[in-house]
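Data from model03.tsv: TSV, C-alpha atoms
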chain	number	residue	atom	x	y	z
A	195	MET	CA	143.68	50.52	139.39
A	196	THR	CA	143.90	52.40	142.70
A	197	ALA	CA	142.49	55.90	142.48
A	198	PRO	CA	144.93	58.74	143.23
A	199	VAL	CA	144.48	60.61	146.48
A	200	THR	CA	144.49	64.29	147.27
A	201	THR	CA	146.04	65.43	150.57
A	202	VAL	CA	145.19	68.72	152.25
A	203	PRO	CA	148.44	70.65	152.98
A	204	GLY	CA	149.53	70.47	156.62
A	205	THR	CA	147.74	67.21	157.37
A	206	THR	CA	148.66	63.55	157.12
A	207	ALA	CA	147.63	61.50	154.16
A	208	SER	CA	145.94	58.85	156.33
A	209	ALA	CA	143.64	61.40	157.94
A	210	THR	CA	142.63	63.41	154.90
A	211	ALA	CA	143.13	61.23	151.83
A	212	VAL	CA	140.31	61.98	149.39
A	213	PRO	CA	139.98	59.55	146.48
A	214	THR	CA	139.79	61.23	143.11
A	215	ALA	CA	138.88	59.70	139.78
A	216	THR	CA	139.25	60.74	136.19
A	217	PRO	CA	135.81	61.96	135.13
A	218	GLY	CA	134.06	60.39	132.18
A	219	PRO	CA	133.33	62.43	129.05
A	220	LEU	CA	131.69	65.72	129.95
A	221	ARG	CA	131.28	66.97	126.38
A	222	ILE	CA	130.69	65.19	123.10
A	223	GLU	CA	134.10	66.43	121.94
A	224	ASP	CA	135.68	64.37	124.75
A	225	TYR	CA	134.65	61.28	122.77
A	226	GLN	CA	136.40	62.79	119.76
A	227	ASP	CA	139.65	62.96	121.72
A	228	LEU	CA	139.27	59.34	122.85
A	229	ALA	CA	138.53	58.16	119.33
A	230	ARG	CA	141.54	59.94	117.86
A	231	ARG	CA	143.86	57.97	120.14
A	232	ARG	CA	142.42	54.67	118.97
A	233	LEU	CA	142.23	55.13	115.19
A	234	ASP	CA	144.96	55.12	112.58
A	235	ASP	CA	145.47	58.18	110.42
A	236	GLN	CA	143.69	56.88	107.32
A	237	VAL	CA	140.53	55.87	109.18
A	238	TRP	CA	140.58	59.15	111.10
A	239	ASP	CA	140.77	61.11	107.84
A	240	PHE	CA	137.93	59.02	106.41
A	241	VAL	CA	135.73	59.90	109.40
A	242	GLU	CA	136.69	63.55	109.80
A	243	GLY	CA	137.28	64.59	106.21
A	244	GLY	CA	134.98	66.56	103.94
A	245	ALA	CA	134.85	67.61	100.33
A	246	GLY	CA	137.16	70.12	98.67
A	247	THR	CA	138.52	72.73	101.05
A	248	GLU	CA	136.12	71.46	103.75
A	249	ARG	CA	134.45	74.84	103.73
A	250	THR	CA	131.01	73.31	104.28
A	251	VAL	CA	132.28	71.13	107.13
A	252	ASP	CA	133.39	74.31	108.86
A	253	ALA	CA	130.16	76.12	107.94
A	254	ASN	CA	128.09	73.50	109.76
A	255	ARG	CA	129.82	74.34	113.02
A	256	ARG	CA	129.99	78.11	112.47
A	257	ALA	CA	126.23	78.23	111.94
A	258	PHE	CA	125.57	77.10	115.51
A	259	ALA	CA	127.83	79.88	116.78
A	260	ARG	CA	125.30	82.34	115.33
A	261	VAL	CA	122.45	80.97	117.45
A	262	THR	CA	121.22	82.92	120.47
A	263	LEU	CA	118.76	81.25	122.81
A	264	ARG	CA	115.76	83.24	124.13
A	265	PRO	CA	114.95	81.87	127.59
A	266	ARG	CA	111.57	82.15	129.26
A	267	VAL	CA	111.42	82.30	133.06
A	268	LEU	CA	109.02	81.39	135.87
A	269	VAL	CA	107.98	78.26	134.01
A	270	ASP	CA	107.54	74.93	135.78
A	271	VAL	CA	110.53	72.94	134.53
A	272	SER	CA	110.60	70.39	137.33
A	273	ALA	CA	110.26	67.75	134.60
A	274	CYS	CA	111.45	68.14	131.02
A	275	ASP	CA	110.13	65.64	128.51
A	276	THR	CA	112.40	64.75	125.57
A	277	GLY	CA	110.02	62.11	124.23
A	278	THR	CA	108.65	62.41	120.71
A	279	GLU	CA	107.10	60.38	117.89
A	280	LEU	CA	108.14	59.97	114.28
A	281	LEU	CA	106.29	58.09	111.53
A	282	GLY	CA	104.33	56.23	114.16
A	283	ALA	CA	107.30	55.19	116.31
A	284	PRO	CA	107.74	56.54	119.86
A	285	LEU	CA	111.23	57.81	120.70
A	286	ALA	CA	112.70	58.55	124.11
A	287	THR	CA	114.85	61.25	122.55
A	288	PRO	CA	114.77	63.39	119.41
A	289	VAL	CA	118.53	62.76	119.02
A	290	GLY	CA	119.23	59.83	116.71
A	291	VAL	CA	121.94	58.15	114.65
A	292	ALA	CA	122.65	59.28	111.09
A	293	PRO	CA	123.64	56.71	108.46
A	294	THR	CA	127.41	56.22	108.20
A	295	ALA	CA	129.29	53.36	106.55
A	296	TYR	CA	131.61	50.59	107.72
A	297	HIS	CA	131.33	50.78	111.49
A	298	ARG	CA	133.75	47.88	111.87
A	299	LEU	CA	136.45	50.38	110.89
A	300	LEU	CA	135.80	51.90	114.31
A	301	HIS	CA	135.04	48.85	116.48
A	302	PRO	CA	135.07	45.07	115.93
A	303	ASP	CA	131.34	44.78	116.69
A	304	GLY	CA	130.49	47.44	114.13
A	305	GLU	CA	126.84	48.28	113.60
A	306	VAL	CA	125.70	45.72	116.16
A	307	ALA	CA	127.37	47.84	118.84
A	308	THR	CA	125.81	50.98	117.37
A	309	ALA	CA	122.36	49.38	117.43
A	310	LEU	CA	122.82	48.29	121.05
A	311	GLY	CA	123.88	51.81	122.04
A	312	ALA	CA	121.04	53.48	120.15
A	313	GLY	CA	118.52	51.07	121.65
A	314	ALA	CA	119.80	51.73	125.16
A	315	ALA	CA	119.26	55.45	124.56
A	316	GLY	CA	115.79	54.96	123.04
A	317	ALA	CA	116.99	56.56	119.82
A	318	LEU	CA	116.30	56.13	116.12
A	319	TYR	CA	119.12	54.43	114.19
A	320	VAL	CA	119.37	54.91	110.41
A	321	VAL	CA	121.50	52.01	109.15
A	322	SER	CA	123.75	52.58	106.12
A	323	VAL	CA	123.45	50.41	103.04
A	324	PHE	CA	127.23	50.06	103.42
A	325	ALA	CA	126.93	48.60	106.92
A	326	SER	CA	129.61	46.08	107.83
A	327	ARG	CA	127.13	43.84	109.72
A	328	THR	CA	124.07	42.26	108.14
A	329	LEU	CA	120.67	43.92	108.33
A	330	GLU	CA	119.41	40.90	110.21
A	331	GLU	CA	122.23	40.93	112.78
A	332	ILE	CA	121.57	44.58	113.49
A	333	ALA	CA	117.83	44.08	113.80
A	334	ALA	CA	118.28	41.11	116.15
A	335	VAL	CA	119.87	43.26	118.87
A	336	SER	CA	118.00	46.51	118.34
A	337	ALA	CA	115.60	47.76	121.00
A	338	GLY	CA	114.71	50.91	119.06
A	339	PRO	CA	113.37	51.73	115.61
A	340	LEU	CA	115.60	51.08	112.61
A	341	TRP	CA	115.48	52.74	109.19
A	342	LEU	CA	117.56	51.62	106.20
A	343	GLN	CA	119.49	54.17	104.16
A	344	LEU	CA	119.95	53.50	100.45
A	345	TYR	CA	121.83	54.87	97.48
A	346	TRP	CA	120.19	54.44	94.09
A	347	LEU	CA	122.25	51.58	92.66
A	348	ARG	CA	122.60	50.95	88.94
A	349	ARG	CA	121.50	47.36	89.58
A	350	ARG	CA	117.88	47.85	90.53
A	351	GLU	CA	117.40	44.19	91.37
A	352	VAL	CA	119.96	44.64	94.17
A	353	LEU	CA	118.10	47.70	95.43
A	354	ALA	CA	114.80	45.81	95.34
A	355	GLY	CA	116.35	42.93	97.27
A	356	LEU	CA	117.56	45.25	100.01
A	357	VAL	CA	114.10	46.76	100.32
A	358	GLU	CA	112.56	43.32	100.75
A	359	ARG	CA	115.14	42.29	103.34
A	360	ALA	CA	114.64	45.49	105.31
A	361	ALA	CA	110.88	44.99	105.48
A	362	ALA	CA	111.27	41.36	106.51
A	363	ALA	CA	113.75	42.28	109.27
A	364	GLY	CA	111.45	44.92	110.78
A	365	TYR	CA	113.00	48.14	109.49
A	366	ARG	CA	110.39	50.90	109.58
A	367	ALA	CA	111.40	53.25	106.75
A	368	LEU	CA	113.65	53.59	103.72
A	369	VAL	CA	115.96	56.61	103.57
A	370	LEU	CA	117.13	57.44	100.06
A	371	THR	CA	120.22	59.64	99.97
A	372	VAL	CA	119.70	62.02	97.04
A	373	ASP	CA	122.74	64.30	97.18
A	374	ALA	CA	125.36	61.84	95.92
A	375	PRO	CA	125.02	61.08	92.19
A	376	ARG	CA	128.79	60.97	92.43
A	377	LEU	CA	131.07	61.14	95.46
A	378	GLY	CA	132.36	64.49	96.67
A	379	ARG	CA	136.02	65.30	96.05
A	380	ARG	CA	137.40	64.12	99.39
A	381	HIS	CA	141.05	65.07	99.18
A	382	ARG	CA	142.10	63.39	102.40
A	383	ASP	CA	140.97	59.99	101.12
A	384	ALA	CA	142.55	60.59	97.72
A	385	ARG	CA	145.91	61.55	99.22
A	386	ASN	CA	145.78	58.44	101.41
A	387	GLY	CA	144.71	56.18	98.55
A	388	PHE	CA	142.01	55.10	100.97
A	389	ALA	CA	140.29	51.75	100.42
A	390	VAL	CA	138.18	49.59	102.69
A	391	PRO	CA	140.65	47.16	104.28
A	392	ALA	CA	140.47	43.40	103.92
A	393	GLY	CA	138.26	41.78	106.53
A	394	ILE	CA	135.74	44.63	106.52
A	395	SER	CA	133.08	44.86	103.85
A	396	ALA	CA	129.59	46.02	103.02
A	397	VAL	CA	128.20	42.60	103.84
A	398	ASN	CA	124.65	43.31	102.66
A	399	LEU	CA	125.82	43.68	99.07
A	400	ASP	CA	127.29	41.23	96.57
A	401	PRO	CA	131.11	41.09	96.98
A	402	ALA	CA	131.48	41.52	93.22
A	403	LEU	CA	129.54	44.77	93.42
A	404	MET	CA	131.86	46.03	96.17
A	405	ALA	CA	135.20	44.83	94.78
A	406	SER	CA	136.48	48.24	93.67
A	407	ALA	CA	135.94	49.68	97.15
A	408	HIS	CA	138.80	47.47	98.36
A	409	ARG	CA	141.39	48.32	95.69
A	410	SER	CA	143.90	50.87	96.95
A	411	ASP	CA	145.40	53.17	94.34
A	412	ALA	CA	147.81	56.01	95.11
A	413	GLY	CA	146.19	59.39	94.64
A	414	ARG	CA	142.64	58.04	94.35
A	415	SER	CA	139.86	57.19	96.74
A	416	ALA	CA	138.60	53.66	96.18
A	417	LEU	CA	135.22	54.79	97.46
A	418	ALA	CA	134.98	57.43	94.74
A	419	VAL	CA	135.80	54.81	92.12
A	420	HIS	CA	133.24	52.43	93.57
A	421	THR	CA	130.52	55.09	93.70
A	422	ALA	CA	131.08	55.92	90.03
A	423	GLU	CA	130.66	52.24	89.18
A	424	ALA	CA	127.74	51.36	91.45
A	425	VAL	CA	125.53	54.44	91.89
A	426	ASP	CA	123.17	55.55	89.13
A	427	PRO	CA	123.65	59.28	88.41
A	428	SER	CA	120.72	59.42	85.98
A	429	VAL	CA	117.96	58.96	88.57
A	430	THR	CA	115.30	61.68	88.66
A	431	TRP	CA	112.17	62.54	90.63
A	432	ALA	CA	110.16	60.31	88.30
A	433	ASP	CA	112.10	57.23	89.46
A	434	LEU	CA	110.78	57.53	93.02
A	435	ALA	CA	107.55	55.89	91.88
A	436	TRP	CA	109.54	52.70	91.20
A	437	LEU	CA	110.87	52.66	94.77
A	438	ARG	CA	107.50	53.39	96.33
A	439	ALA	CA	105.95	50.57	94.32
A	440	ARG	CA	108.42	48.07	95.83
A	441	SER	CA	107.39	48.50	99.45
A	442	GLU	CA	104.78	49.90	101.79
A	443	LEU	CA	107.54	51.29	104.02
A	444	PRO	CA	107.67	55.09	104.30
A	445	VAL	CA	110.20	56.73	102.00
A	446	VAL	CA	112.41	59.48	103.43
A	447	LEU	CA	114.63	61.67	101.22
A	448	LYS	CA	117.98	62.70	102.71
A	449	GLY	CA	120.06	65.57	101.35
A	450	ILE	CA	117.43	68.28	100.77
A	451	LEU	CA	118.71	71.85	101.20
A	452	THR	CA	116.23	74.05	99.31
A	453	ALA	CA	112.54	74.86	99.46
A	454	GLU	CA	112.21	73.96	95.79
A	455	ASP	CA	113.42	70.40	96.31
A	456	ALA	CA	111.43	70.04	99.51
A	457	VAL	CA	108.21	70.85	97.65
A	458	LEU	CA	109.10	68.40	94.88
A	459	ALA	CA	109.85	65.73	97.49
A	460	VAL	CA	106.35	66.04	98.96
A	461	GLN	CA	104.78	66.14	95.51
A	462	HIS	CA	106.52	62.85	94.68
A	463	GLY	CA	105.35	61.12	97.82
A	464	ALA	CA	108.15	61.57	100.36
A	465	ASP	CA	106.95	60.74	103.86
A	466	ALA	CA	109.73	62.76	105.52
A	467	ILE	CA	112.79	64.83	104.59
A	468	VAL	CA	116.28	65.05	106.05
A	469	VAL	CA	117.89	68.47	105.74
A	470	SER	CA	121.53	67.52	105.28
A	471	ASN	CA	124.65	68.49	103.37
A	472	HIS	CA	126.17	65.04	103.99
A	473	GLY	CA	128.35	66.38	106.77
A	474	GLY	CA	130.14	68.63	104.27
A	475	ARG	CA	131.31	65.56	102.33
A	476	GLN	CA	129.55	66.23	99.02
A	477	LEU	CA	129.23	69.73	97.49
A	478	ASP	CA	131.86	71.97	99.05
A	479	GLY	CA	130.30	75.42	99.31
A	480	ALA	CA	126.79	74.13	99.95
A	481	PRO	CA	125.00	75.90	102.78
A	482	ALA	CA	125.32	74.88	106.38
A	483	SER	CA	122.45	72.54	107.14
A	484	LEU	CA	121.24	74.88	109.88
A	485	ASP	CA	121.00	77.76	107.41
A	486	ALA	CA	118.80	75.67	105.12
A	487	LEU	CA	116.55	74.20	107.82
A	488	ALA	CA	113.96	76.95	108.26
A	489	GLU	CA	113.54	77.36	104.50
A	490	VAL	CA	112.72	73.67	104.10
A	491	VAL	CA	110.43	73.54	107.14
A	492	ASP	CA	108.49	76.55	105.89
A	493	ALA	CA	108.10	74.95	102.45
A	494	VAL	CA	106.60	71.66	103.65
A	495	GLY	CA	105.23	72.32	107.12
A	496	ALA	CA	101.71	72.95	105.88
A	497	ALA	CA	101.77	69.56	104.16
A	498	GLY	CA	102.57	67.88	107.48
A	499	CYS	CA	105.83	66.43	106.22
A	500	PRO	CA	108.24	65.76	109.11
A	501	VAL	CA	111.70	67.28	108.71
A	502	LEU	CA	114.81	65.71	110.22
A	503	PHE	CA	118.20	67.37	110.45
A	504	ASP	CA	121.89	66.57	110.49
A	505	GLY	CA	125.05	68.61	110.19
A	506	GLY	CA	127.44	69.87	112.83
A	507	VAL	CA	125.51	69.03	116.02
A	508	ARG	CA	127.96	68.70	118.91
A	509	SER	CA	125.79	69.31	121.96
A	510	GLY	CA	122.28	69.17	123.30
A	511	ALA	CA	122.13	72.95	122.92
A	512	ASP	CA	122.84	72.53	119.20
A	513	ALA	CA	120.04	69.97	119.04
A	514	PHE	CA	117.75	72.45	120.82
A	515	ALA	CA	118.50	75.07	118.15
A	516	ALA	CA	117.70	72.68	115.29
A	517	LEU	CA	114.49	71.57	116.98
A	518	ALA	CA	113.49	75.19	117.51
A	519	LEU	CA	113.94	75.86	113.80
A	520	GLY	CA	111.55	73.06	112.97
A	521	ALA	CA	113.38	69.73	112.98
A	522	ARG	CA	111.45	66.80	114.44
A	523	VAL	CA	114.56	64.68	115.02
A	524	VAL	CA	118.26	65.57	114.97
A	525	LEU	CA	120.73	62.96	113.71
A	526	LEU	CA	124.36	62.63	114.81
A	527	GLY	CA	127.00	61.27	112.43
A	528	ARG	CA	130.63	61.74	113.43
A	529	PRO	CA	129.91	61.98	117.19
A	530	VAL	CA	128.34	58.51	117.17
A	531	LEU	CA	131.43	57.17	115.40
A	532	TRP	CA	133.62	58.80	118.07
A	533	GLY	CA	131.59	57.08	120.78
A	534	LEU	CA	131.78	53.76	118.93
A	535	ALA	CA	135.56	54.00	118.57
A	536	ALA	CA	135.97	55.08	122.18
A	537	ASP	CA	133.89	52.39	123.86
A	538	GLY	CA	131.69	50.36	121.53
A	539	ALA	CA	128.00	50.18	122.41
A	540	THR	CA	128.64	51.93	125.73
A	541	GLY	CA	130.29	54.82	123.92
A	542	VAL	CA	127.42	55.16	121.44
A	543	ALA	CA	124.89	55.19	124.28
A	544	GLY	CA	127.11	57.66	126.13
A	545	VAL	CA	127.12	60.13	123.23
A	546	LEU	CA	123.36	59.91	122.75
A	547	ASP	CA	122.62	60.10	126.48
A	548	LEU	CA	124.95	63.08	126.91
A	549	ALA	CA	123.29	64.94	124.03
A	550	THR	CA	119.85	64.15	125.44
A	551	GLU	CA	120.82	65.21	128.96
A	552	GLU	CA	122.22	68.49	127.60
A	553	LEU	CA	119.03	68.98	125.59
A	554	ALA	CA	116.86	68.51	128.69
A	555	HIS	CA	119.13	70.88	130.63
A	556	THR	CA	118.82	73.50	127.88
A	557	MET	CA	115.05	73.04	127.80
A	558	ALA	CA	114.87	73.66	131.55
A	559	LEU	CA	117.00	76.80	131.51
A	560	ALA	CA	115.18	78.09	128.42
A	561	GLY	CA	111.79	77.56	130.09
A	562	ARG	CA	110.64	74.99	127.49
A	563	PRO	CA	109.75	71.82	129.42
A	564	ALA	CA	108.39	69.86	126.45
A	565	LEU	CA	109.45	69.62	122.82
A	566	PRO	CA	106.34	71.36	121.39
A	567	ALA	CA	107.42	74.46	123.34
A	568	VAL	CA	110.81	74.43	121.59
A	569	ASP	CA	109.69	76.63	118.70
A	570	ARG	CA	110.95	79.54	116.64
A	571	SER	CA	110.43	81.95	119.51
A	572	ALA	CA	113.19	80.09	121.41
A	573	VAL	CA	116.05	81.17	119.15
A	574	VAL	CA	117.56	83.91	117.08
A	575	LEU	CA	119.76	82.77	114.22
A	576	ALA	CA	121.88	85.74	113.23
A	577	PRO	CA	122.09	86.42	109.50
A	578	GLY	CA	124.58	84.31	107.63
A	579	PRO	CA	124.98	83.39	103.98
A	580	VAL	CA	121.71	83.89	102.13
A	581	GLN	CA	120.47	80.53	100.80
A	582	GLY	CA	117.20	81.29	99.09
A	583	PRO	CA	114.80	84.00	97.94
A	584	VAL	CA	114.65	86.66	100.64
A	585	GLN	CA	111.48	88.65	101.23
A	586	SER	CA	112.17	92.29	101.92
A	587	PRO	CA	110.90	93.83	105.18
A	588	ALA	CA	108.49	95.95	103.13
A	589	GLN	CA	106.70	92.78	102.03
A	590	GLY	CA	106.06	91.64	105.59
A	591	PRO	CA	107.06	88.49	107.43
A	592	VAL	CA	107.19	85.18	105.62
A	593	ASP	CA	104.32	83.59	107.54
A	594	GLY	CA	102.33	86.75	108.15
A	595	THR	CA	103.15	87.02	111.85
A	596	ALA	CA	105.16	89.62	113.66
A	597	GLN	CA	106.86	86.92	115.71
A	598	ARG	CA	108.75	85.42	112.78
A	599	THR	CA	110.25	88.80	111.89
A	600	ALA	CA	111.21	89.43	115.49
A	601	VAL	CA	113.13	86.21	116.07
A	602	GLY	CA	114.79	85.93	112.67
A	603	THR	CA	115.87	82.80	110.82
A	604	GLY	CA	119.05	83.84	109.03
A	605	LEU	CA	117.14	84.02	105.73
Can the structure from this file be put into structure tokens for me?
Amino acid sequence: MTAPVTTVPGTTASATAVPTATPGPLRIEDYQDLARRRLDDQVWDFVEGGAGTERTVDANRRAFARVTLRPRVLVDVSACDTGTELLGAPLATPVGVAPTAYHRLLHPDGEVATALGAGAAGALYVVSVFASRTLEEIAAVSAGPLWLQLYWLRRREVLAGLVERAAAAGYRALVLTVDAPRLGRRHRDARNGFAVPAGISAVNLDPALMASAHRSDAGRSALAVHTAEAVDPSVTWADLAWLRARSELPVVLKGILTAEDAVLAVQHGADAIVVSNHGGRQLDGAPASLDALAEVVDAVGAAGCPVLFDGGVRSGADAFAALALGARVVLLGRPVLWGLAADGATGVAGVLDLATEELAHTMALAGRPALPAVDRSAVVLAPGPVQGPVQSPAQGPVDGTAQRTAVGTGL
């Protein structure tokens, strides 16, 4: 296609024609706009929807609006290093891919495209147990570290088989989602009678186990029906020993929002924690992930337990805020799906690269040229909803330093 030209008034087009081109995405939300044009209404609602009134979906974004950055000046920021390490794996960026299901709903190549995009960006990719490409296909194209996300299935032999396959294929950790003993009340999917369409399936699981996920029923979400059938709601902390005994892979618990559960996670052998409210798709009214982050980090930081984060990140500046509050890695969910729908592997890499470029830019202007310098002193999180026990000013700062009181955490 020939690019349009711009002509300076009062001159001839041949002398002053300046080619112009439509710019590529400049913000992560630009990928959202592109994705919306490509997806049908039911799939769009499946991606964008949350639980109940979607109050927690909104809270995730509002929390970042309460962040103020505290820049330092006259710092050498000629080079800003976004590299980090997590559970022994080097990463080019602390921005990674959160587990989300059925990527072939968004693009024919599905999770293979996502893995290619994440690998190109040097990012961690947490693959969903409900992936629509096999674990082995995904691993075959991946240039970056892969973790496998799991739900605790009623059929433990199926769970054990997935763990064995993940280890054999080179996955480096198991991520157990712990906030979904039953599916959140996702009204958009129920109104649409949403079911996974024919031709797309969770190919790493027995078709018989997944059959109900494909049965459309007016006024009900097939995924809610399937979760009730397949996921064991009776699992407790004591059951984690069974999972740890099945593999030497690190075990990461996703869906922790309180200090109490964070401490229990470490006591029961968790190698890392993901602070997450499931993108607002589970308990409507749960805290914004950002509001829970500092509480969890403070609870387990002394134990050396890495904390990851997801929930509402839409820019590198958002990632900077989460890193400053103690996250080691920040995971993107919906934005990666927007990039996948917009342009396959290239779109996924584009989202991750844009977030990383924005992060490096924020680091430079904030005077924090390396990730260890992105600490609590870099942000103020204005008070929001109180999520845990609050120590009064008379009792002194939480960690015994004046700095913590000065910068605030929203707790």
Nearest to A:Leu458: which of A:Thr430, A:Thr294, A:Ser415, A:Thr262 is it, counting only C-alpha atoms?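 When distances to A:Leu458 are compared using only C-alpha atoms, the smallest one comes from A:Thr430.
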Hey, can I get the axis-aligned box for stretch 466-482 of chain A? All listed atoms, 8 Å padding on each side, centre and edge lengths in Å to one decimal, as lines of an AutoDock Vina configuration file.
center_x = 120.8
center_y = 69.3
center_z = 102.1
size_x = 38.1
size_y = 29.1
size_z = 25.3
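Distances from A:Pro339, A:Gly218, A:Gly277, A:Gly520 to A:Val573 were compared using only C-alpha atoms, and the smallest one belongs to A:Gly520.
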Have a look at A:Ala295, A:Leu340, A:Ala245, A:Ala317 and name the one nearest to A:Ser395; count all atoms listed in the file. A:Ala295
Might you pull out every residue within 10 Å of stretch 471-478 of chain A, with all atoms listed in the file counted and same-chain residues fewer than 6 positions away left off, and present them as a PyMOL selection string? chain A and resi 242-254+292-294+371-380+448-451+484+486+503-506+526-528
Given the choices A:Leu447, A:Ala389, A:Val524, A:Val419, which gets closest to A:Leu280 if the distance is worked out from only C-alpha atoms?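 Checking each of A:Leu447, A:Ala389, A:Val524, A:Val419 against A:Leu280, counting only C-alpha atoms, the winner is A:Val524.
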Could you give me, as JSON lines, a per-residue list for stretch 232-307 of chain A showing, wherever an atom lies at most 8 Å from an atom of stretch 551-562 of chain A, the closest pair of atoms and their distance in Å to one decimal, using only C-alpha atoms and sorting by chain then residue number from low to high?
{"residue": "A:Leu263", "atom": "CA", "partner": "A:Ala560", "partner_atom": "CA", "distance": 7.4}
{"residue": "A:Arg264", "atom": "CA", "partner": "A:Ala560", "partner_atom": "CA", "distance": 6.7}
{"residue": "A:Pro265", "atom": "CA", "partner": "A:Ala560", "partner_atom": "CA", "distance": 3.9}
{"residue": "A:Arg266", "atom": "CA", "partner": "A:Gly561", "partner_atom": "CA", "distance": 4.7}
{"residue": "A:Val267", "atom": "CA", "partner": "A:Gly561", "partner_atom": "CA", "distance": 5.6}
{"residue": "A:Leu268", "atom": "CA", "partner": "A:Gly561", "partner_atom": "CA", "distance": 7.5}
{"residue": "A:Val269", "atom": "CA", "partner": "A:Gly561", "partner_atom": "CA", "distance": 5.5}
{"residue": "A:Asp270", "atom": "CA", "partner": "A:Gly561", "partner_atom": "CA", "distance": 7.6}
{"residue": "A:Val271", "atom": "CA", "partner": "A:Ala558", "partner_atom": "CA", "distance": 5.3}
{"residue": "A:Ser272", "atom": "CA", "partner": "A:Ala558", "partner_atom": "CA", "distance": 7.9}
{"residue": "A:Cys274", "atom": "CA", "partner": "A:Ala554", "partner_atom": "CA", "distance": 5.9}
{"residue": "A:Asp275", "atom": "CA", "partner": "A:Ala554", "partner_atom": "CA", "distance": 7.3}
{"residue": "A:Thr276", "atom": "CA", "partner": "A:Ala554", "partner_atom": "CA", "distance": 6.6}
Leaving out A:Leu281 and any residue of its chain fewer than 4 positions from it, which residues lie within 9 Å of it when counting only C-alpha atoms, given as a short mmCIF file (atom, residue, chain, number, x, y, z; two decimals) with C-alpha atoms, keeping the file's coordinate frame?
data_model
loop_
_atom_site.label_atom_id
_atom_site.label_comp_id
_atom_site.auth_asym_id
_atom_site.auth_seq_id
_atom_site.Cartn_x
_atom_site.Cartn_y
_atom_site.Cartn_z
CA ARG A 366 110.39 50.90 109.58
CA ALA A 367 111.40 53.25 106.75
CA PRO A 444 107.67 55.09 104.30
CA ASP A 465 106.95 60.74 103.86
CA ALA A 466 109.73 62.76 105.52
CA PRO A 500 108.24 65.76 109.11
#
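From atom CA of A:Ala518 back to atom CA of A:Ala572, the distance works out to 6.3 Å.
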